[in-house]
Each structure stands twice: as structure tokens, then as C-alpha cells.
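Note: the block below is entry23.cif and it holds mmCIF, C-alpha atoms.
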```
data_my_file
#
loop_
_atom_site.group_PDB
_atom_site.id
_atom_site.type_symbol
_atom_site.label_atom_id
_atom_site.label_comp_id
_atom_site.auth_asym_id
_atom_site.auth_seq_id
_atom_site.Cartn_x
_atom_site.Cartn_y
_atom_site.Cartn_z
ATOM 1 C CA MET A 84 118.639 49.379 80.272
ATOM 2 C CA SER A 85 117.169 47.291 83.085
ATOM 3 C CA TYR A 86 119.795 44.600 82.506
ATOM 4 C CA LEU A 87 122.564 47.153 83.010
ATOM 5 C CA ASP A 88 120.874 48.598 86.092
ATOM 6 C CA ASP A 89 120.430 45.126 87.581
ATOM 7 C CA PHE A 90 124.055 44.339 86.781
ATOM 8 C CA LYS A 91 125.267 47.484 88.571
ATOM 9 C CA LYS A 92 123.119 46.633 91.594
ATOM 10 C CA LEU A 93 124.610 43.133 91.674
ATOM 11 C CA LEU A 94 128.179 44.463 91.585
ATOM 12 C CA THR A 95 127.328 46.956 94.322
ATOM 13 C CA ILE A 96 125.930 44.170 96.535
ATOM 14 C CA LYS A 97 129.063 42.116 95.873
ATOM 15 C CA ARG A 98 131.127 45.129 97.083
ATOM 16 C CA TYR A 99 132.978 45.805 93.851
ATOM 17 C CA SER A 100 134.755 49.158 93.746
ATOM 18 C CA TYR A 101 133.249 52.152 91.941
ATOM 19 C CA ARG A 102 135.912 51.940 89.217
ATOM 20 C CA THR A 103 135.295 48.208 88.636
ATOM 21 C CA ILE A 104 131.535 48.726 88.497
ATOM 22 C CA LYS A 105 132.025 51.480 85.935
ATOM 23 C CA SER A 106 134.462 49.525 83.726
ATOM 24 C CA TYR A 107 132.455 46.268 83.913
ATOM 25 C CA SER A 108 129.179 48.083 83.163
ATOM 26 C CA ASN A 109 130.699 49.863 80.158
ATOM 27 C CA ALA A 110 132.099 46.548 78.903
ATOM 28 C CA LEU A 111 128.728 44.821 79.297
ATOM 29 C CA LYS A 112 126.979 47.637 77.409
ATOM 30 C CA ILE A 113 129.371 47.155 74.470
ATOM 31 C CA PHE A 114 128.628 43.427 74.541
ATOM 32 C CA LEU A 115 124.842 43.818 74.720
ATOM 33 C CA ASP A 116 124.880 46.480 71.977
ATOM 34 C CA ALA A 117 126.414 43.839 69.679
ATOM 35 C CA PHE A 118 123.158 41.835 69.992
ATOM 36 C CA PRO A 119 120.467 44.542 69.514
ATOM 37 C CA LYS A 120 117.706 42.190 68.344
ATOM 38 C CA GLN A 121 118.421 39.369 70.757
ATOM 39 C CA GLU A 122 117.409 38.758 74.341
ATOM 40 C CA PRO A 123 120.543 38.262 76.473
ATOM 41 C CA ASP A 124 119.129 35.038 77.878
ATOM 42 C CA SER A 125 119.266 33.499 74.385
ATOM 43 C CA ILE A 126 122.916 34.393 73.650
ATOM 44 C CA THR A 127 125.011 31.231 73.469
ATOM 45 C CA THR A 128 128.622 30.602 74.461
ATOM 46 C CA CYS A 129 129.419 30.188 70.776
ATOM 47 C CA GLU A 130 128.092 33.691 70.082
ATOM 48 C CA ILE A 131 130.069 35.078 73.028
ATOM 49 C CA GLU A 132 133.200 33.487 71.585
ATOM 50 C CA LYS A 133 132.524 34.998 68.139
ATOM 51 C CA PHE A 134 131.991 38.421 69.720
ATOM 52 C CA LEU A 135 135.315 38.248 71.573
ATOM 53 C CA ASN A 136 137.088 36.983 68.465
ATOM 54 C CA SER A 137 135.863 40.009 66.518
ATOM 55 C CA MET A 138 136.947 42.350 69.334
ATOM 56 C CA VAL A 139 140.447 40.838 69.336
ATOM 57 C CA THR A 140 140.952 40.535 65.562
ATOM 58 C CA GLU A 141 139.027 43.582 64.290
ATOM 59 C CA LYS A 142 138.983 46.064 67.160
ATOM 60 C CA LYS A 143 142.489 45.031 68.278
ATOM 61 C CA ILE A 144 141.594 45.284 71.978
ATOM 62 C CA SER A 145 144.361 44.824 74.544
ATOM 63 C CA GLN A 146 144.724 41.780 76.734
ATOM 64 C CA ALA A 147 143.796 43.908 79.734
ATOM 65 C CA TYR A 148 140.515 44.971 78.138
ATOM 66 C CA GLN A 149 139.829 41.397 77.025
ATOM 67 C CA LYS A 150 140.021 40.391 80.694
ATOM 68 C CA VAL A 151 137.541 43.131 81.606
ATOM 69 C CA LEU A 152 135.120 42.005 78.889
ATOM 70 C CA VAL A 153 135.296 38.330 79.841
ATOM 71 C CA GLY A 154 134.967 39.172 83.537
ATOM 72 C CA ALA A 155 131.882 41.314 82.934
ATOM 73 C CA ILE A 156 130.239 38.796 80.584
ATOM 74 C CA LYS A 157 130.961 35.923 82.965
ATOM 75 C CA LEU A 158 129.437 37.760 85.925
ATOM 76 C CA PHE A 159 126.417 38.825 83.898
ATOM 77 C CA PHE A 160 125.495 35.358 82.672
ATOM 78 C CA ASN A 161 126.473 33.231 85.652
ATOM 79 C CA GLU A 162 125.549 35.532 88.533
ATOM 80 C CA LEU A 163 122.699 37.654 87.164
ATOM 81 C CA LEU A 164 121.061 35.347 84.615
ATOM 82 C CA ARG A 165 121.925 32.222 86.637
ATOM 83 C CA LYS A 166 123.532 30.417 83.717
ATOM 84 C CA SER A 167 126.387 27.978 84.153
ATOM 85 C CA TYR A 168 128.532 29.081 81.224
ATOM 86 C CA LYS A 169 132.173 28.019 81.408
ATOM 87 C CA LEU A 170 133.963 31.054 80.016
ATOM 88 C CA ASN A 171 137.383 30.932 81.656
ATOM 89 C CA TYR A 172 138.899 29.621 78.434
ATOM 90 C CA LEU A 173 138.167 33.007 76.859
ATOM 91 C CA TYR A 174 140.665 34.805 79.101
ATOM 92 C CA PRO A 175 143.992 35.451 77.307
ATOM 93 C CA ASP A 176 146.554 32.713 78.033
ATOM 94 C CA ARG A 177 149.633 34.856 77.575
ATOM 95 C CA THR A 178 150.256 37.991 79.538
ATOM 96 C CA GLU A 179 151.529 41.094 77.770
ATOM 97 C CA ASN A 180 155.048 42.005 78.781
ATOM 98 C CA LYS A 181 154.877 45.738 78.237
ATOM 99 C CA LEU A 182 157.301 47.764 80.311
ATOM 100 C CA PRO A 183 155.884 50.953 81.834
ATOM 101 C CA ASN A 184 157.249 54.318 80.781
ATOM 102 C CA VAL A 185 159.275 56.086 83.462
ATOM 103 C CA LEU A 186 160.413 59.673 83.937
ATOM 104 C CA ASP A 187 163.885 60.207 85.372
ATOM 105 C CA LYS A 188 164.300 62.301 88.517
ATOM 106 C CA SER A 189 165.295 65.447 86.650
ATOM 107 C CA GLU A 190 162.173 65.185 84.479
ATOM 108 C CA VAL A 191 159.943 64.755 87.535
ATOM 109 C CA GLN A 192 161.551 67.831 89.083
ATOM 110 C CA LEU A 193 161.048 69.833 85.884
ATOM 111 C CA LEU A 194 157.444 68.688 85.697
ATOM 112 C CA ILE A 195 156.596 69.704 89.268
ATOM 113 C CA ASN A 196 158.472 73.002 89.064
ATOM 114 C CA SER A 197 156.565 73.946 85.915
ATOM 115 C CA ILE A 198 153.273 74.031 87.870
ATOM 116 C CA GLN A 199 152.622 77.476 89.328
ATOM 117 C CA ASN A 200 149.285 76.810 91.034
ATOM 118 C CA LEU A 201 149.966 75.660 94.627
ATOM 119 C CA LYS A 202 147.081 73.191 94.768
ATOM 120 C CA HIS A 203 147.971 71.613 91.436
ATOM 121 C CA ARG A 204 151.659 71.393 92.312
ATOM 122 C CA THR A 205 150.843 69.761 95.671
ATOM 123 C CA ILE A 206 148.652 67.111 94.018
ATOM 124 C CA ILE A 207 151.244 66.095 91.425
ATOM 125 C CA ALA A 208 154.123 66.170 93.921
ATOM 126 C CA LEU A 209 152.157 64.058 96.401
ATOM 127 C CA ILE A 210 151.336 61.414 93.786
ATOM 128 C CA TYR A 211 155.014 61.003 92.940
ATOM 129 C CA SER A 212 156.324 61.258 96.511
ATOM 130 C CA ALA A 213 154.210 58.334 97.740
ATOM 131 C CA GLY A 214 153.587 56.363 94.530
ATOM 132 C CA LEU A 215 149.843 56.889 94.674
ATOM 133 C CA ARG A 216 147.221 55.786 92.187
ATOM 134 C CA LEU A 217 145.032 58.551 90.773
ATOM 135 C CA ASN A 218 141.932 57.410 92.672
ATOM 136 C CA GLU A 219 143.967 57.160 95.889
ATOM 137 C CA VAL A 220 144.969 60.818 95.883
ATOM 138 C CA ILE A 221 141.371 61.790 95.028
ATOM 139 C CA ASP A 222 140.006 59.731 97.949
ATOM 140 C CA LEU A 223 142.490 61.097 100.511
ATOM 141 C CA LYS A 224 140.927 62.864 103.475
ATOM 142 C CA VAL A 225 142.558 65.464 105.679
ATOM 143 C CA ASN A 226 142.673 62.998 108.585
ATOM 144 C CA ASP A 227 144.614 60.462 106.487
ATOM 145 C CA ILE A 228 147.743 62.608 106.833
ATOM 146 C CA ASP A 229 149.542 61.533 110.035
ATOM 147 C CA SER A 230 152.265 64.152 110.507
ATOM 148 C CA LYS A 231 153.341 62.756 113.896
ATOM 149 C CA ARG A 232 154.181 59.327 112.484
ATOM 150 C CA MET A 233 155.090 60.735 109.057
ATOM 151 C CA LEU A 234 152.653 58.369 107.341
ATOM 152 C CA ILE A 235 149.770 58.621 104.905
ATOM 153 C CA LYS A 236 146.898 56.165 105.329
ATOM 154 C CA ILE A 237 145.453 54.825 102.081
ATOM 155 C CA VAL A 238 141.944 53.574 102.853
ATOM 156 C CA GLN A 239 140.200 50.759 100.960
ATOM 157 C CA SER A 240 142.178 51.064 97.761
ATOM 158 C CA LYS A 241 142.476 48.467 95.002
ATOM 159 C CA GLY A 242 141.487 45.048 96.323
ATOM 160 C CA LYS A 243 139.654 46.707 99.249
ATOM 161 C CA LYS A 244 142.898 46.999 101.217
ATOM 162 C CA ASP A 245 144.228 49.653 103.580
ATOM 163 C CA ARG A 246 147.934 50.466 103.686
ATOM 164 C CA TYR A 247 150.374 53.094 104.886
ATOM 165 C CA VAL A 248 152.889 54.953 102.738
ATOM 166 C CA MET A 249 155.617 57.366 103.735
ATOM 167 C CA LEU A 250 154.971 61.058 104.234
ATOM 168 C CA SER A 251 157.853 63.006 102.753
ATOM 169 C CA GLU A 252 159.133 65.924 104.859
ATOM 170 C CA ARG A 253 159.147 68.158 101.782
ATOM 171 C CA ILE A 254 155.591 67.101 100.963
ATOM 172 C CA LEU A 255 154.491 67.795 104.533
ATOM 173 C CA SER A 256 155.878 71.321 104.215
ATOM 174 C CA LEU A 257 154.060 71.750 100.889
ATOM 175 C CA LEU A 258 150.840 70.322 102.355
ATOM 176 C CA ARG A 259 150.978 72.779 105.282
ATOM 177 C CA GLU A 260 151.377 75.672 102.877
ATOM 178 C CA TYR A 261 148.501 74.337 100.771
ATOM 179 C CA TYR A 262 146.267 73.737 103.816
ATOM 180 C CA LYS A 263 146.853 77.274 105.066
ATOM 181 C CA ASP A 264 145.675 78.719 101.740
ATOM 182 C CA TYR A 265 142.843 76.346 100.813
ATOM 183 C CA LYS A 266 141.583 75.029 104.196
ATOM 184 C CA PRO A 267 140.029 71.763 102.935
ATOM 185 C CA LYS A 268 137.377 70.348 105.272
ATOM 186 C CA GLU A 269 136.886 66.638 104.490
ATOM 187 C CA TYR A 270 138.742 65.599 101.359
ATOM 188 C CA LEU A 271 142.344 66.733 101.159
ATOM 189 C CA PHE A 272 141.786 68.013 97.631
ATOM 190 C CA GLU A 273 138.271 69.318 97.151
ATOM 191 C CA GLY A 274 136.362 70.379 94.071
ATOM 192 C CA GLN A 275 134.460 73.660 93.831
ATOM 193 C CA LYS A 276 131.466 72.229 95.690
ATOM 194 C CA GLY A 277 133.511 70.663 98.478
ATOM 195 C CA ASP A 278 133.335 67.170 97.000
ATOM 196 C CA LYS A 279 136.228 65.087 95.647
ATOM 197 C CA TYR A 280 138.572 66.641 93.129
ATOM 198 C CA SER A 281 137.991 65.165 89.674
ATOM 199 C CA ALA A 282 140.306 62.677 87.981
ATOM 200 C CA ARG A 283 139.912 64.516 84.682
ATOM 201 C CA SER A 284 141.193 67.750 86.245
ATOM 202 C CA ILE A 285 144.328 66.029 87.571
ATOM 203 C CA GLN A 286 144.970 64.410 84.194
ATOM 204 C CA SER A 287 144.633 67.838 82.565
ATOM 205 C CA ILE A 288 147.059 69.381 85.082
ATOM 206 C CA PHE A 289 149.588 66.641 84.325
ATOM 207 C CA LYS A 290 149.326 67.029 80.542
ATOM 208 C CA GLN A 291 149.761 70.810 80.774
ATOM 209 C CA ALA A 292 152.803 70.333 83.011
ATOM 210 C CA LEU A 293 154.329 67.909 80.495
ATOM 211 C CA ARG A 294 154.007 70.530 77.768
ATOM 212 C CA LYS A 295 155.405 73.339 79.922
ATOM 213 C CA ALA A 296 158.352 71.180 80.997
ATOM 214 C CA LYS A 297 158.891 70.205 77.328
ATOM 215 C CA ILE A 298 158.923 66.495 78.154
ATOM 216 C CA SER A 299 158.222 64.531 74.993
ATOM 217 C CA LYS A 300 157.966 61.067 76.548
ATOM 218 C CA GLU A 301 154.596 59.349 76.424
ATOM 219 C CA ALA A 302 153.363 59.663 79.991
ATOM 220 C CA SER A 303 150.249 59.806 82.146
ATOM 221 C CA VAL A 304 149.543 60.518 85.819
ATOM 222 C CA HIS A 305 150.176 56.813 86.487
ATOM 223 C CA THR A 306 153.702 57.256 85.093
ATOM 224 C CA LEU A 307 154.521 59.091 88.339
ATOM 225 C CA ARG A 308 153.724 55.907 90.292
ATOM 226 C CA HIS A 309 155.945 53.861 87.961
ATOM 227 C CA SER A 310 158.705 56.443 88.339
ATOM 228 C CA PHE A 311 158.390 56.379 92.149
ATOM 229 C CA ALA A 312 158.845 52.585 92.240
ATOM 230 C CA THR A 313 161.707 52.591 89.751
ATOM 231 C CA HIS A 314 163.584 55.372 91.549
ATOM 232 C CA LEU A 315 163.214 53.555 94.884
ATOM 233 C CA LEU A 316 164.585 50.364 93.347
ATOM 234 C CA GLU A 317 167.506 52.229 91.801
ATOM 235 C CA SER A 318 168.341 53.778 95.177
ATOM 236 C CA GLY A 319 168.596 50.304 96.747
ATOM 237 C CA THR A 320 165.196 49.937 98.447
ATOM 238 C CA ASP A 321 164.232 46.298 99.015
ATOM 239 C CA ILE A 322 161.681 45.146 96.452
ATOM 240 C CA ARG A 323 159.394 43.737 99.160
ATOM 241 C CA VAL A 324 159.242 47.160 100.800
ATOM 242 C CA ILE A 325 158.321 48.630 97.408
ATOM 243 C CA GLN A 326 155.650 45.945 97.058
ATOM 244 C CA GLN A 327 154.138 47.004 100.378
ATOM 245 C CA LEU A 328 154.276 50.698 99.524
ATOM 246 C CA LEU A 329 152.537 50.118 96.186
ATOM 247 C CA GLY A 330 149.934 47.802 97.702
ATOM 248 C CA HIS A 331 150.678 44.911 95.337
ATOM 249 C CA SER A 332 149.262 41.546 96.375
ATOM 250 C CA SER A 333 151.959 39.642 94.503
ATOM 251 C CA ILE A 334 155.692 40.302 94.332
ATOM 252 C CA LYS A 335 155.505 39.348 90.646
ATOM 253 C CA THR A 336 153.647 42.579 89.916
ATOM 254 C CA THR A 337 156.392 44.612 91.578
ATOM 255 C CA GLN A 338 159.198 42.724 89.855
ATOM 256 C CA ILE A 339 158.432 44.424 86.549
ATOM 257 C CA TYR A 340 160.375 47.408 87.893
ATOM 258 C CA THR A 341 163.545 45.325 87.950
ATOM 259 C CA GLN A 342 163.264 45.321 84.148
ATOM 260 C CA VAL A 343 162.649 49.070 83.996
ATOM 261 C CA SER A 344 165.427 50.103 86.354
ATOM 262 C CA SER A 345 168.279 51.569 84.320
ATOM 263 C CA SER A 346 170.997 51.761 86.971
ATOM 264 C CA LYS A 347 172.168 48.145 86.806
ATOM 265 C CA ILE A 348 171.760 47.916 83.035
ATOM 266 C CA ALA A 349 173.633 51.181 82.425
ATOM 267 C CA ASN A 350 176.562 49.968 84.533
ATOM 268 C CA VAL A 351 177.054 46.769 82.511
ATOM 269 C CA MET A 352 179.862 47.154 80.004
ATOM 270 C CA SER A 353 178.949 46.259 76.447
ATOM 271 C CA PRO A 354 181.310 43.679 74.866
ATOM 272 C CA PHE A 355 181.691 46.202 72.022
ATOM 273 C CA ASP A 356 183.585 48.467 74.446
ATOM 274 C CA SER A 357 186.166 45.759 75.143
ATOM 275 C CA PHE A 358 187.581 45.737 71.602
#
```
As C-alpha cells:
Amino acid sequence: MSYLDDFKKLLTIKRYSYRTIKSYSNALKIFLDAFPKQEPDSITTCEIEKFLNSMVTEKKISQAYQKVLVGAIKLFFNELLRKSYKLNYLYPDRTENKLPNVLDKSEVQLLINSIQNLKHRTIIALIYSAGLRLNEVIDLKVNDIDSKRMLIKIVQSKGKKDRYVMLSERILSLLREYYKDYKPKEYLFEGQKGDKYSARSIQSIFKQALRKAKISKEASVHTLRHSFATHLLESGTDIRVIQQLLGHSSIKTTQIYTQVSSSKIANVMSPFDSF
């Protein structure tokens, strides 16, 4: 366990986010568990390659998880154990081109309206209205809501970056109603002990709302963020503005929504209709 503890301390010193530390540590544990009778210092690059090959071919891990595994293993050996292993070749060469699932506006409305609890409805509506990540809405503090400028400040999100997103007038009205009833002190959405609201609780709220709204699409809380971006694009918002709102470092990440947007595709006449 000391290797894992030392690894977590290293990532903390290097200022990795809580989520990255958690995912990298879990990935490293899976790797080390594959060599129960071997000291990590004796594991060779050939053995690392065989491990990853088995994870890809037998466990059928995704490209995204392969990147997490390689990143964690690389940091562990080269930064903690002071090796000089060249492991970049183990990253996947091809990127997966999976399009995100998106709810249409009527489905989002159904989803939100199906939630009776004011706090729960406010959380889900806020995520969609500003395109927030799950951890971003959890980390929001009362003072991050700037009603005078109609902005929400997102502090130290993915990539350790701050950004501003729009504060919807309807959301502001909902937030005022929520604040009057719940009176949060530090975090905008607090748990029972006054700490951050849990991610698991929000995921549970979302799944229950999907069932109540009778939406059969495969969706998660993050689908609301995808839907936000797609709906903005379909309404004519410049893609670079969307990039800024989402906090993407590269425009290429945002451009995936041009493939998801249905408005332009739906308006193209099929040659079959010209017969």
C-alpha cells in the first residue's frame, strides 16, 4: 500500500486534481495487482506492454481508459521510481470517434419538470443551463453566482482553469427560490453536514428523472452538458463562444458538436426525395 500512498502524495505535490488523483491511483492499483509476487521496481517495459495488451484484448478497455492506465504507469515508474522508461508508444494511436448522446429541448424540459424536489430540480436545471460538468456544479459556492453581471464563476475546473459562464434569468429566479428555502452557507448545494453535495446523489436524481419522464435514450448527467452545447450550436451561437463556455482548451474538442447537431443535417434534402 505504501507505493500507492507515495504515488498519491506525488500527484498531490504536482497539483493534480482530486479526480485525476483518484482515477490514476485506481488505475495503478489494477496494474500493481496484476504483479502480486513481484516488486514494482523489477517490472520491465516488456511486462508493462503485455499487461496493456491483455487489458485491450481481454478486458476490452476503452481508448480513454487505456490513456489513464498508461499515464498512471508512466508517472509511477518515471517520477516515483526514477526510471527512464519510454512508454509513450503504448498510448493509442487512433482516437475513438464516438458521438455523444444528446437530449432534444423537449426532452430536457420533460426531465426537469418531472423533478418535484426544489433543490434537485435546481441542480439539474443549472447543469443544463450553463453546460456544467458534474464536479463543477458540486464545487460551486454561493459567492460564485454574480447576479449583477449575470455570470457564474467556475473556479479551478478541468486543467486548473477559471472561466465564466452565463447566468440564465430563469435559473436566477429558481436559485433565489431555492436559496430562500435552503439557505446554503458556503457551497451552493450542500450535503446534510454542510459539505459538498455528492456526485452519486446527483447521478441518482438524474436517473430517477429519466424514468419519470419516460426518456429511453442512454443518458447521464454529462449528457446535459452535451445537449447544452448542441442546442447552442443549433441556435446559431459561434463555436468559439461555445468553446469558451465549455472551457475547452482546443477548438477540436468543441467541433464534435458540429457532427451531433441535427438542424443542418435535417434540412438537407435526401436525393431519394427528388425522384
Exercise: Lys279 (chain A) partners within 8 Å, only C-alpha atoms, chain neighbours under 3 positions left out, as JSON, numbers by chain: {"A": [221, 222, 270, 272, 273, 274]}
Contacts of His305 (chain A) within 7 Å, all atoms listed in the file, excl. fewer than 2 positions in-chain, as a ChimeraX atom specification: /A:216-217,303,307-309
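Checking A:Asp245, A:Ala155, A:Asn200, A:Ser125 one by one against Ile113 (chain A), counting all atoms listed in the file, you find the shortest gap at A:Ala155.
Minimum atom-to-atom distance to Ser106 (chain A), evaluated using all atoms listed in the file, belongs to A:Gln149 out of A:Thr320, A:Ser212, A:Gln149, A:Ser85.
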Residue nearest Ala312 (chain A) - candidates A:Tyr262, A:Tyr211, A:Tyr107, A:Phe289, atoms counted: all atoms listed in the file: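 The answer is A:Tyr211, which sits nearest to Ala312 (chain A).
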Within 9 Å of Arg323 (chain A), counting all atoms listed in the file, which residues qualify if same-chain residues fewer than 5 places away don't, as a PDB file with C-alpha atoms, keeping the file's coordinate frame?
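Output contents, as saved in part.pdb:
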```pdb
ATOM      1  CA  LEU A 328     154.276  50.698  99.524  1.00  0.00           C
ATOM      2  CA  ILE A 334     155.692  40.302  94.332  1.00  0.00           C
ATOM      3  CA  THR A 337     156.392  44.612  91.578  1.00  0.00           C
TER       4      THR A 337
END
```
Box dimensions and centre (Å, one decimal) enclosing region 246-264 of chain A, axis-aligned, 3 Å extra per side, as AutoDock Vina command-line options:
```
--center_x 152.4 --center_y 64.6 --center_z 103.0 --size_x 19.5 --size_y 34.3 --size_z 10.5
```
Distance of CA of Phe114 (chain A) from CA of Phe134 (chain A), expressed in Å to one decimal place: 7.7 Å
Could you complete region 139-168 of chain A so that it carries N, CA and C atoms, and give it back as a PDB file, keeping the file's coordinate frame?
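Here's the written file rebuild29.pdb:
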```
ATOM      1  N   VAL A 139     138.989  41.033  69.335  1.00  0.00           N
ATOM      2  CA  VAL A 139     140.447  40.838  69.336  1.00  0.00           C
ATOM      3  C   VAL A 139     141.029  41.065  67.949  1.00  0.00           C
ATOM      4  N   THR A 140     140.384  40.490  66.916  1.00  0.00           N
ATOM      5  CA  THR A 140     140.952  40.535  65.562  1.00  0.00           C
ATOM      6  C   THR A 140     140.634  41.823  64.808  1.00  0.00           C
ATOM      7  N   GLU A 141     139.438  42.390  65.035  1.00  0.00           N
ATOM      8  CA  GLU A 141     139.027  43.582  64.290  1.00  0.00           C
ATOM      9  C   GLU A 141     139.246  44.874  65.078  1.00  0.00           C
ATOM     10  N   LYS A 142     138.834  44.865  66.323  1.00  0.00           N
ATOM     11  CA  LYS A 142     138.983  46.064  67.160  1.00  0.00           C
ATOM     12  C   LYS A 142     140.369  46.173  67.781  1.00  0.00           C
ATOM     13  N   LYS A 143     141.118  45.061  67.751  1.00  0.00           N
ATOM     14  CA  LYS A 143     142.489  45.031  68.278  1.00  0.00           C
ATOM     15  C   LYS A 143     142.552  45.449  69.753  1.00  0.00           C
ATOM     16  N   ILE A 144     141.609  44.931  70.556  1.00  0.00           N
ATOM     17  CA  ILE A 144     141.594  45.284  71.978  1.00  0.00           C
ATOM     18  C   ILE A 144     142.812  44.698  72.688  1.00  0.00           C
ATOM     19  N   SER A 145     143.212  45.309  73.768  1.00  0.00           N
ATOM     20  CA  SER A 145     144.361  44.824  74.544  1.00  0.00           C
ATOM     21  C   SER A 145     143.978  43.608  75.362  1.00  0.00           C
ATOM     22  N   GLN A 146     144.990  42.923  75.856  1.00  0.00           N
ATOM     23  CA  GLN A 146     144.724  41.780  76.734  1.00  0.00           C
ATOM     24  C   GLN A 146     144.020  42.231  78.010  1.00  0.00           C
ATOM     25  N   ALA A 147     144.403  43.390  78.504  1.00  0.00           N
ATOM     26  CA  ALA A 147     143.796  43.908  79.734  1.00  0.00           C
ATOM     27  C   ALA A 147     142.298  44.138  79.537  1.00  0.00           C
ATOM     28  N   TYR A 148     141.934  44.714  78.382  1.00  0.00           N
ATOM     29  CA  TYR A 148     140.515  44.971  78.138  1.00  0.00           C
ATOM     30  C   TYR A 148     139.765  43.673  77.847  1.00  0.00           C
ATOM     31  N   GLN A 149     140.446  42.705  77.237  1.00  0.00           N
ATOM     32  CA  GLN A 149     139.829  41.397  77.025  1.00  0.00           C
ATOM     33  C   GLN A 149     139.449  40.770  78.365  1.00  0.00           C
ATOM     34  N   LYS A 150     140.314  40.927  79.355  1.00  0.00           N
ATOM     35  CA  LYS A 150     140.021  40.391  80.694  1.00  0.00           C
ATOM     36  C   LYS A 150     138.802  41.069  81.303  1.00  0.00           C
ATOM     37  N   VAL A 151     138.691  42.385  81.091  1.00  0.00           N
ATOM     38  CA  VAL A 151     137.541  43.131  81.606  1.00  0.00           C
ATOM     39  C   VAL A 151     136.257  42.638  80.943  1.00  0.00           C
ATOM     40  N   LEU A 152     136.292  42.487  79.628  1.00  0.00           N
ATOM     41  CA  LEU A 152     135.120  42.005  78.889  1.00  0.00           C
ATOM     42  C   LEU A 152     134.678  40.628  79.361  1.00  0.00           C
ATOM     43  N   VAL A 153     135.634  39.703  79.424  1.00  0.00           N
ATOM     44  CA  VAL A 153     135.296  38.330  79.841  1.00  0.00           C
ATOM     45  C   VAL A 153     134.773  38.334  81.273  1.00  0.00           C
ATOM     46  N   GLY A 154     135.413  39.099  82.142  1.00  0.00           N
ATOM     47  CA  GLY A 154     134.967  39.172  83.537  1.00  0.00           C
ATOM     48  C   GLY A 154     133.544  39.681  83.656  1.00  0.00           C
ATOM     49  N   ALA A 155     133.223  40.737  82.893  1.00  0.00           N
ATOM     50  CA  ALA A 155     131.882  41.314  82.934  1.00  0.00           C
ATOM     51  C   ALA A 155     130.842  40.346  82.365  1.00  0.00           C
ATOM     52  N   ILE A 156     131.174  39.743  81.228  1.00  0.00           N
ATOM     53  CA  ILE A 156     130.239  38.796  80.584  1.00  0.00           C
ATOM     54  C   ILE A 156     129.998  37.579  81.485  1.00  0.00           C
ATOM     55  N   LYS A 157     131.059  37.086  82.076  1.00  0.00           N
ATOM     56  CA  LYS A 157     130.961  35.923  82.965  1.00  0.00           C
ATOM     57  C   LYS A 157     130.064  36.217  84.170  1.00  0.00           C
ATOM     58  N   LEU A 158     130.269  37.370  84.781  1.00  0.00           N
ATOM     59  CA  LEU A 158     129.437  37.760  85.925  1.00  0.00           C
ATOM     60  C   LEU A 158     127.971  37.938  85.524  1.00  0.00           C
ATOM     61  N   PHE A 159     127.770  38.557  84.364  1.00  0.00           N
ATOM     62  CA  PHE A 159     126.417  38.825  83.898  1.00  0.00           C
ATOM     63  C   PHE A 159     125.631  37.538  83.698  1.00  0.00           C
ATOM     64  N   PHE A 160     126.226  36.587  82.976  1.00  0.00           N
ATOM     65  CA  PHE A 160     125.495  35.358  82.672  1.00  0.00           C
ATOM     66  C   PHE A 160     125.387  34.410  83.872  1.00  0.00           C
ATOM     67  N   ASN A 161     126.474  34.242  84.589  1.00  0.00           N
ATOM     68  CA  ASN A 161     126.473  33.231  85.652  1.00  0.00           C
ATOM     69  C   ASN A 161     125.902  33.720  86.976  1.00  0.00           C
ATOM     70  N   GLU A 162     126.040  35.013  87.262  1.00  0.00           N
ATOM     71  CA  GLU A 162     125.549  35.532  88.533  1.00  0.00           C
ATOM     72  C   GLU A 162     124.177  36.189  88.405  1.00  0.00           C
ATOM     73  N   LEU A 163     123.971  36.947  87.320  1.00  0.00           N
ATOM     74  CA  LEU A 163     122.699  37.654  87.164  1.00  0.00           C
ATOM     75  C   LEU A 163     121.646  36.791  86.478  1.00  0.00           C
ATOM     76  N   LEU A 164     122.026  36.165  85.356  1.00  0.00           N
ATOM     77  CA  LEU A 164     121.061  35.347  84.615  1.00  0.00           C
ATOM     78  C   LEU A 164     121.032  33.891  85.073  1.00  0.00           C
ATOM     79  N   ARG A 165     121.892  33.568  86.040  1.00  0.00           N
ATOM     80  CA  ARG A 165     121.925  32.222  86.637  1.00  0.00           C
ATOM     81  C   ARG A 165     122.211  31.124  85.623  1.00  0.00           C
ATOM     82  N   LYS A 166     123.075  31.438  84.660  1.00  0.00           N
ATOM     83  CA  LYS A 166     123.532  30.417  83.717  1.00  0.00           C
ATOM     84  C   LYS A 166     124.708  29.674  84.352  1.00  0.00           C
ATOM     85  N   SER A 167     125.186  28.683  83.665  1.00  0.00           N
ATOM     86  CA  SER A 167     126.387  27.978  84.153  1.00  0.00           C
ATOM     87  C   SER A 167     127.393  27.879  83.002  1.00  0.00           C
ATOM     88  N   TYR A 168     127.602  29.041  82.349  1.00  0.00           N
ATOM     89  CA  TYR A 168     128.532  29.081  81.224  1.00  0.00           C
ATOM     90  C   TYR A 168     129.978  28.976  81.733  1.00  0.00           C
TER      91      TYR A 168
END
```
